[in-house]
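Participant: What follows is coords_31.pdb, PDB, C-alpha atoms, pLDDT in the B column.
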```
ATOM      1  CA  MET N   1       0.000   0.000   0.000  1.00 51.00           C
ATOM      2  CA  GLU N   2       1.292   3.428  -0.920  1.00 53.00           C
ATOM      3  CA  ASP N   3       1.896   6.135   1.634  1.00 58.00           C
ATOM      4  CA  PRO N   4      -1.021   8.638   1.563  1.00 59.00           C
ATOM      5  CA  HIS N   5       1.516  11.479   1.735  1.00 59.00           C
ATOM      6  CA  SER N   6       3.343  10.701  -1.515  1.00 57.00           C
ATOM      7  CA  VAL N   7       3.200  12.105  -4.988  1.00 58.00           C
ATOM      8  CA  SER N   8       3.275   9.494  -7.697  1.00 57.00           C
ATOM      9  CA  SER N   9       4.440   9.967 -11.256  1.00 56.00           C
ATOM     10  CA  PRO N  10       5.412   7.421 -13.907  1.00 56.00           C
ATOM     11  CA  ARG N  11       9.115   7.878 -13.195  1.00 57.00           C
ATOM     12  CA  ARG N  12       9.494   8.910  -9.582  1.00 56.00           C
ATOM     13  CA  ILE N  13       7.755   8.727  -6.225  1.00 54.00           C
ATOM     14  CA  LEU N  14       8.339  11.654  -3.867  1.00 54.00           C
ATOM     15  CA  SER N  15       7.459  11.050  -0.269  1.00 52.00           C
ATOM     16  CA  LEU N  16       6.128  14.103   1.557  1.00 54.00           C
ATOM     17  CA  SER N  17       5.610  12.344   4.863  1.00 52.00           C
ATOM     18  CA  LYS N  18       6.294  14.454   7.951  1.00 53.00           C
ATOM     19  CA  LYS N  19       7.722  11.432   9.751  1.00 54.00           C
ATOM     20  CA  ARG N  20      10.832  11.400   7.615  1.00 53.00           C
ATOM     21  CA  ARG N  21      12.635  13.749   5.280  1.00 52.00           C
ATOM     22  CA  ALA N  22      11.452  14.065   1.701  1.00 49.00           C
ATOM     23  CA  THR N  23      13.160  11.415  -0.360  1.00 52.00           C
ATOM     24  CA  ALA N  24      13.092  10.625  -4.034  1.00 52.00           C
ATOM     25  CA  PHE N  25      13.977   7.373  -5.663  1.00 51.00           C
ATOM     26  CA  SER N  26      13.733   6.145  -9.214  1.00 49.00           C
ATOM     27  CA  LEU N  27      11.510   3.311 -10.267  1.00 48.00           C
ATOM     28  CA  ASP N  28      13.023   2.819 -13.736  1.00 54.00           C
ATOM     29  CA  ALA N  29      16.070   0.684 -14.269  1.00 54.00           C
ATOM     30  CA  ASP N  30      16.560   2.658 -17.502  1.00 54.00           C
ATOM     31  CA  ASP N  31      17.402   5.798 -15.532  1.00 53.00           C
ATOM     32  CA  ARG N  32      20.140   3.970 -13.676  1.00 53.00           C
ATOM     33  CA  ALA N  33      21.472   2.260 -16.799  1.00 54.00           C
ATOM     34  CA  SER N  34      21.649   5.452 -18.870  1.00 55.00           C
ATOM     35  CA  GLY N  35      23.725   7.263 -16.260  1.00 53.00           C
ATOM     36  CA  PHE N  36      21.678  10.429 -16.721  1.00 54.00           C
ATOM     37  CA  GLY N  37      21.856  12.437 -13.523  1.00 53.00           C
ATOM     38  CA  VAL N  38      23.554   9.609 -11.650  1.00 53.00           C
ATOM     39  CA  SER N  39      27.290   9.451 -11.117  1.00 52.00           C
ATOM     40  CA  GLY N  40      27.293   5.711 -10.669  1.00 53.00           C
ATOM     41  CA  GLU N  41      30.249   3.735  -9.424  1.00 66.00           C
ATOM     42  CA  HIS N  42      32.641   5.182 -12.011  1.00 75.00           C
ATOM     43  CA  GLY N  43      32.553   8.744 -10.701  1.00 83.00           C
ATOM     44  CA  PRO N  44      31.580  11.932 -12.493  1.00 85.00           C
ATOM     45  CA  LYS N  45      31.587  12.232 -16.245  1.00 90.00           C
ATOM     46  CA  PRO N  46      34.654  13.842 -17.862  1.00 89.00           C
ATOM     47  CA  SER N  47      32.549  16.694 -19.260  1.00 91.00           C
ATOM     48  CA  GLU N  48      31.393  17.548 -15.739  1.00 92.00           C
ATOM     49  CA  VAL N  49      34.978  17.592 -14.487  1.00 93.00           C
ATOM     50  CA  TYR N  50      36.199  19.708 -17.416  1.00 95.00           C
ATOM     51  CA  GLY N  51      33.338  22.167 -16.906  1.00 95.00           C
ATOM     52  CA  PHE N  52      34.042  22.462 -13.200  1.00 95.00           C
ATOM     53  CA  VAL N  53      37.800  22.903 -13.674  1.00 96.00           C
ATOM     54  CA  GLY N  54      37.204  25.388 -16.498  1.00 97.00           C
ATOM     55  CA  SER N  55      34.843  27.507 -14.422  1.00 97.00           C
ATOM     56  CA  ILE N  56      37.177  27.537 -11.413  1.00 97.00           C
ATOM     57  CA  THR N  57      40.159  28.389 -13.649  1.00 98.00           C
ATOM     58  CA  THR N  58      38.235  31.254 -15.236  1.00 97.00           C
ATOM     59  CA  VAL N  59      37.303  32.732 -11.869  1.00 97.00           C
ATOM     60  CA  VAL N  60      40.872  32.433 -10.529  1.00 97.00           C
ATOM     61  CA  ALA N  61      42.352  33.975 -13.701  1.00 95.00           C
ATOM     62  CA  THR N  62      39.868  36.861 -13.533  1.00 94.00           C
ATOM     63  CA  VAL N  63      40.715  37.560  -9.887  1.00 95.00           C
ATOM     64  CA  ILE N  64      44.462  37.456 -10.615  1.00 92.00           C
ATOM     65  CA  PHE N  65      44.010  39.812 -13.581  1.00 91.00           C
ATOM     66  CA  LEU N  66      41.943  42.285 -11.543  1.00 91.00           C
ATOM     67  CA  VAL N  67      44.440  42.226  -8.652  1.00 90.00           C
ATOM     68  CA  TRP N  68      47.331  42.797 -11.056  1.00 89.00           C
ATOM     69  CA  ALA N  69      45.489  45.593 -12.873  1.00 90.00           C
ATOM     70  CA  TYR N  70      44.135  47.559  -9.901  1.00 90.00           C
ATOM     71  CA  VAL N  71      46.239  46.915  -6.805  1.00 91.00           C
ATOM     72  CA  PRO N  72      49.072  49.473  -6.338  1.00 91.00           C
ATOM     73  CA  GLU N  73      52.648  48.283  -6.858  1.00 89.00           C
ATOM     74  CA  ALA N  74      53.561  48.956  -3.232  1.00 92.00           C
ATOM     75  CA  TRP N  75      50.952  46.457  -2.054  1.00 92.00           C
ATOM     76  CA  LEU N  76      52.207  43.823  -4.494  1.00 88.00           C
ATOM     77  CA  HIS N  77      55.774  44.367  -3.264  1.00 91.00           C
ATOM     78  CA  TYR N  78      54.559  44.150   0.349  1.00 93.00           C
ATOM     79  CA  ILE N  79      53.086  40.669  -0.210  1.00 90.00           C
ATOM     80  CA  GLY N  80      56.228  39.522  -2.039  1.00 90.00           C
ATOM     81  CA  ILE N  81      55.264  39.836  -5.689  1.00 86.00           C
ATOM     82  CA  PHE N  82      58.063  41.593  -7.563  1.00 87.00           C
ATOM     83  CA  TYR N  83      57.798  40.186 -11.077  1.00 86.00           C
ATOM     84  CA  TYR N  84      54.701  40.928 -13.112  1.00 86.00           C
ATOM     85  CA  PRO N  85      54.004  42.324 -16.589  1.00 87.00           C
ATOM     86  CA  SER N  86      53.759  46.042 -17.230  1.00 88.00           C
ATOM     87  CA  ARG N  87      50.416  47.696 -16.430  1.00 88.00           C
ATOM     88  CA  TYR N  88      50.282  48.779 -20.067  1.00 92.00           C
ATOM     89  CA  TRP N  89      49.126  45.250 -20.957  1.00 91.00           C
ATOM     90  CA  ALA N  90      46.156  45.474 -18.572  1.00 90.00           C
ATOM     91  CA  LEU N  91      44.617  47.931 -21.030  1.00 91.00           C
ATOM     92  CA  ALA N  92      46.326  46.863 -24.246  1.00 95.00           C
ATOM     93  CA  VAL N  93      45.279  43.175 -24.317  1.00 92.00           C
ATOM     94  CA  PRO N  94      41.514  43.792 -23.878  1.00 93.00           C
ATOM     95  CA  ALA N  95      41.682  46.697 -26.350  1.00 97.00           C
ATOM     96  CA  TYR N  96      43.546  44.576 -28.920  1.00 97.00           C
ATOM     97  CA  PHE N  97      41.075  41.771 -28.389  1.00 97.00           C
ATOM     98  CA  MET N  98      38.053  44.033 -28.945  1.00 98.00           C
ATOM     99  CA  VAL N  99      39.598  45.590 -32.058  1.00 98.00           C
ATOM    100  CA  THR N 100      40.339  42.100 -33.390  1.00 98.00           C
ATOM    101  CA  VAL N 101      36.711  41.027 -32.825  1.00 98.00           C
ATOM    102  CA  VAL N 102      35.337  44.141 -34.546  1.00 98.00           C
ATOM    103  CA  LEU N 103      37.729  43.729 -37.501  1.00 98.00           C
ATOM    104  CA  ALA N 104      36.865  40.020 -37.806  1.00 98.00           C
ATOM    105  CA  LEU N 105      33.152  40.837 -37.910  1.00 98.00           C
ATOM    106  CA  GLY N 106      33.754  43.560 -40.510  1.00 98.00           C
ATOM    107  CA  PHE N 107      35.891  41.196 -42.584  1.00 98.00           C
ATOM    108  CA  TYR N 108      33.217  38.486 -42.367  1.00 98.00           C
ATOM    109  CA  LEU N 109      30.474  40.890 -43.499  1.00 97.00           C
ATOM    110  CA  GLY N 110      32.644  42.221 -46.333  1.00 97.00           C
ATOM    111  CA  LEU N 111      33.507  38.707 -47.488  1.00 97.00           C
ATOM    112  CA  ASN N 112      29.808  37.800 -47.573  1.00 95.00           C
ATOM    113  CA  PHE N 113      28.967  40.932 -49.563  1.00 93.00           C
ATOM    114  CA  MET N 114      31.764  40.167 -52.028  1.00 94.00           C
ATOM    115  CA  SER N 115      30.675  36.555 -52.554  1.00 92.00           C
ATOM    116  CA  THR N 116      26.971  37.370 -52.982  1.00 91.00           C
ATOM    117  CA  PRO N 117      25.882  38.016 -56.587  1.00 88.00           C
ATOM    118  CA  SER N 118      24.218  41.314 -57.378  1.00 88.00           C
ATOM    119  CA  PRO N 119      20.408  41.455 -57.287  1.00 85.00           C
ATOM    120  CA  THR N 120      20.241  41.851 -61.089  1.00 88.00           C
ATOM    121  CA  SER N 121      22.316  38.712 -61.699  1.00 88.00           C
ATOM    122  CA  LEU N 122      20.561  35.622 -63.007  1.00 83.00           C
ATOM    123  CA  ASN N 123      22.718  33.556 -60.642  1.00 81.00           C
ATOM    124  CA  THR N 124      20.328  34.517 -57.856  1.00 80.00           C
ATOM    125  CA  MET N 125      17.563  32.574 -59.640  1.00 77.00           C
ATOM    126  CA  PHE N 126      19.376  29.790 -61.505  1.00 77.00           C
ATOM    127  CA  ASP N 127      22.319  27.578 -60.627  1.00 78.00           C
ATOM    128  CA  GLU N 128      23.705  24.186 -61.620  1.00 78.00           C
ATOM    129  CA  PHE N 129      20.940  22.427 -59.669  1.00 77.00           C
ATOM    130  CA  SER N 130      18.021  24.242 -61.327  1.00 78.00           C
ATOM    131  CA  ARG N 131      15.493  22.105 -63.180  1.00 77.00           C
ATOM    132  CA  GLU N 132      12.995  23.239 -65.732  1.00 75.00           C
ATOM    133  CA  PRO N 133       9.542  21.681 -65.462  1.00 71.00           C
ATOM    134  CA  SER N 134       9.291  18.768 -67.866  1.00 70.00           C
ATOM    135  CA  SER N 135       6.301  17.970 -69.993  1.00 64.00           C
ATOM    136  CA  PHE N 136       5.336  14.952 -67.941  1.00 59.00           C
ATOM    137  CA  LEU N 137       2.151  13.381 -69.238  1.00 63.00           C
ATOM    138  CA  PRO N 138       1.298  10.203 -67.430  1.00 60.00           C
ATOM    139  CA  SER N 139      -0.558   7.618 -69.467  1.00 62.00           C
ATOM    140  CA  MET N 140      -2.555   6.245 -66.589  1.00 62.00           C
ATOM    141  CA  ASP N 141      -6.297   6.018 -66.559  1.00 63.00           C
ATOM    142  CA  GLY N 142      -8.376   6.840 -63.531  1.00 63.00           C
ATOM    143  CA  ASP N 143      -7.874   9.135 -60.606  1.00 68.00           C
ATOM    144  CA  GLU N 144      -4.494   7.773 -59.535  1.00 71.00           C
ATOM    145  CA  GLN N 145      -1.611   9.658 -61.133  1.00 68.00           C
ATOM    146  CA  PRO N 146       2.040   9.540 -60.153  1.00 74.00           C
ATOM    147  CA  ILE N 147       3.739  12.525 -58.552  1.00 76.00           C
ATOM    148  CA  GLU N 148       5.386  14.873 -61.058  1.00 74.00           C
ATOM    149  CA  PRO N 149       9.186  14.988 -61.049  1.00 74.00           C
ATOM    150  CA  ILE N 150      10.698  17.727 -58.886  1.00 80.00           C
ATOM    151  CA  SER N 151      11.449  21.017 -60.636  1.00 80.00           C
ATOM    152  CA  ASP N 152      11.774  24.736 -59.971  1.00 82.00           C
ATOM    153  CA  ILE N 153       8.797  27.022 -60.282  1.00 83.00           C
ATOM    154  CA  GLY N 154       9.362  29.651 -62.940  1.00 79.00           C
ATOM    155  CA  LEU N 155       9.527  33.324 -62.016  1.00 80.00           C
ATOM    156  CA  ASP N 156       6.736  34.159 -64.483  1.00 82.00           C
ATOM    157  CA  ARG N 157       4.433  31.663 -62.762  1.00 83.00           C
ATOM    158  CA  ILE N 158       5.268  33.033 -59.292  1.00 85.00           C
ATOM    159  CA  ASN N 159       4.613  36.609 -60.437  1.00 86.00           C
ATOM    160  CA  ASP N 160       1.366  35.507 -62.065  1.00 87.00           C
ATOM    161  CA  VAL N 161       0.141  33.849 -58.875  1.00 86.00           C
ATOM    162  CA  MET N 162       1.234  36.684 -56.606  1.00 88.00           C
ATOM    163  CA  PHE N 163       0.305  39.770 -58.634  1.00 88.00           C
ATOM    164  CA  ASN N 164      -2.094  38.980 -61.498  1.00 83.00           C
ATOM    165  CA  ASN N 165      -4.771  37.105 -59.550  1.00 67.00           C
ATOM    166  CA  VAL N 166      -5.435  39.936 -57.112  1.00 63.00           C
ATOM    167  CA  ASN N 167      -9.153  40.563 -56.577  1.00 62.00           C
ATOM    168  CA  SER N 168      -9.625  44.285 -55.990  1.00 51.00           C
TER     169      SER N 168
END
```
Can the structure from this file be put into structure tokens for me?
Facilitator:
Amino acid sequence: MEDPHSVSSPRRILSLSKKRRATAFSLDADDRASGFGVSGEHGPKPSEVYGFVGSITTVVATVIFLVWAYVPEAWLHYIGIFYYPSRYWALAVPAYFMVTVVLALGFYLGLNFMSTPSPTSLNTMFDEFSREPSSFLPSMDGDEQPIEPISDIGLDRINDVMFNNVNS
């Protein structure tokens, strides 16, 4: 018999009994076999470890950079740090990085504009994969007819459908 103070779902049962702490346990063996959300006996996944180490490294590097950039030299000498890069690089590296990003974006946009054909070019409508509609006349009797071969719709037909059949 189920506890009257429990919430049941197809995958989990959550006990809300006041007698004991809320506990959750899985009913599916698939959840345990897939390893989703469960470390298992082999420990954490490598991606979890790499993410954790990467986040900690980023925070430590940011703190070191901010200390180096903003703490006066006398304080650094007082705690025993005598060798460090010039303060010029505290401004130069982020500025160079931002200029590089802006130039890369500008180069990318310019390259796309250069490789795109002009709007008056026929290459915007036809390429080596274009197919003209064929005169496909099936010789089958009855209502069942095969599907026509794939082809491009002509510009004249598109203009006719969009602009000439307007009821005003």
Participant: Figure out the distance between CA of Pro146 in chain N and CA of Ser134 in chain N, please, to one decimal in Å.
Facilitator: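 Interatomic distance, CA of Ser134 in chain N to CA of Pro146 in chain N: 14.0 Å.
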Participant: Give the answer as one residue: which of N:Leu105, N:Thr100, N:Leu91, N:His77 has the shortest atom-to-atom distance to Phe65 in chain N, using all atoms listed in the file?
Facilitator: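 Once distances to Phe65 in chain N are computed over all atoms listed in the file, the minimum belongs to N:Leu91.
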Participant: For Glu148 in chain N, which of N:Pro133, N:Gly80, N:Pro72, N:Pro44 is the closest residue, counting all atoms listed in the file?
Facilitator: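 Smallest separation from Glu148 in chain N among the options: N:Pro133.
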Participant: In Å, rounded to a single decimal, give me how far CA of Phe113 in chain N is from CA of Glu128 in chain N.
Facilitator: 21.3 Å
Participant: Which value, in Å to one decimal, gives the distance between CA of Arg131 in chain N and CA of Ser151 in chain N?
Facilitator: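 Computed distance, CA of Arg131 in chain N to CA of Ser151 in chain N, equals 4.9 Å.
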Participant: Given the choices N:Ile153, N:Trp75, N:Ala69, N:Gly51, which gets closest to Trp89 in chain N if the distance is worked out from all atoms listed in the file?
Facilitator: N:Ala69
Participant: Axis-aligned box over every listed atom of range 153-165 of chain N, padded by 6 Å per side: centre and edges in Å to one decimal, as JSON?
Facilitator:
```
{"center_x": 2.4, "center_y": 33.4, "center_z": -60.5, "size_x": 26.3, "size_y": 24.7, "size_z": 19.9}
```
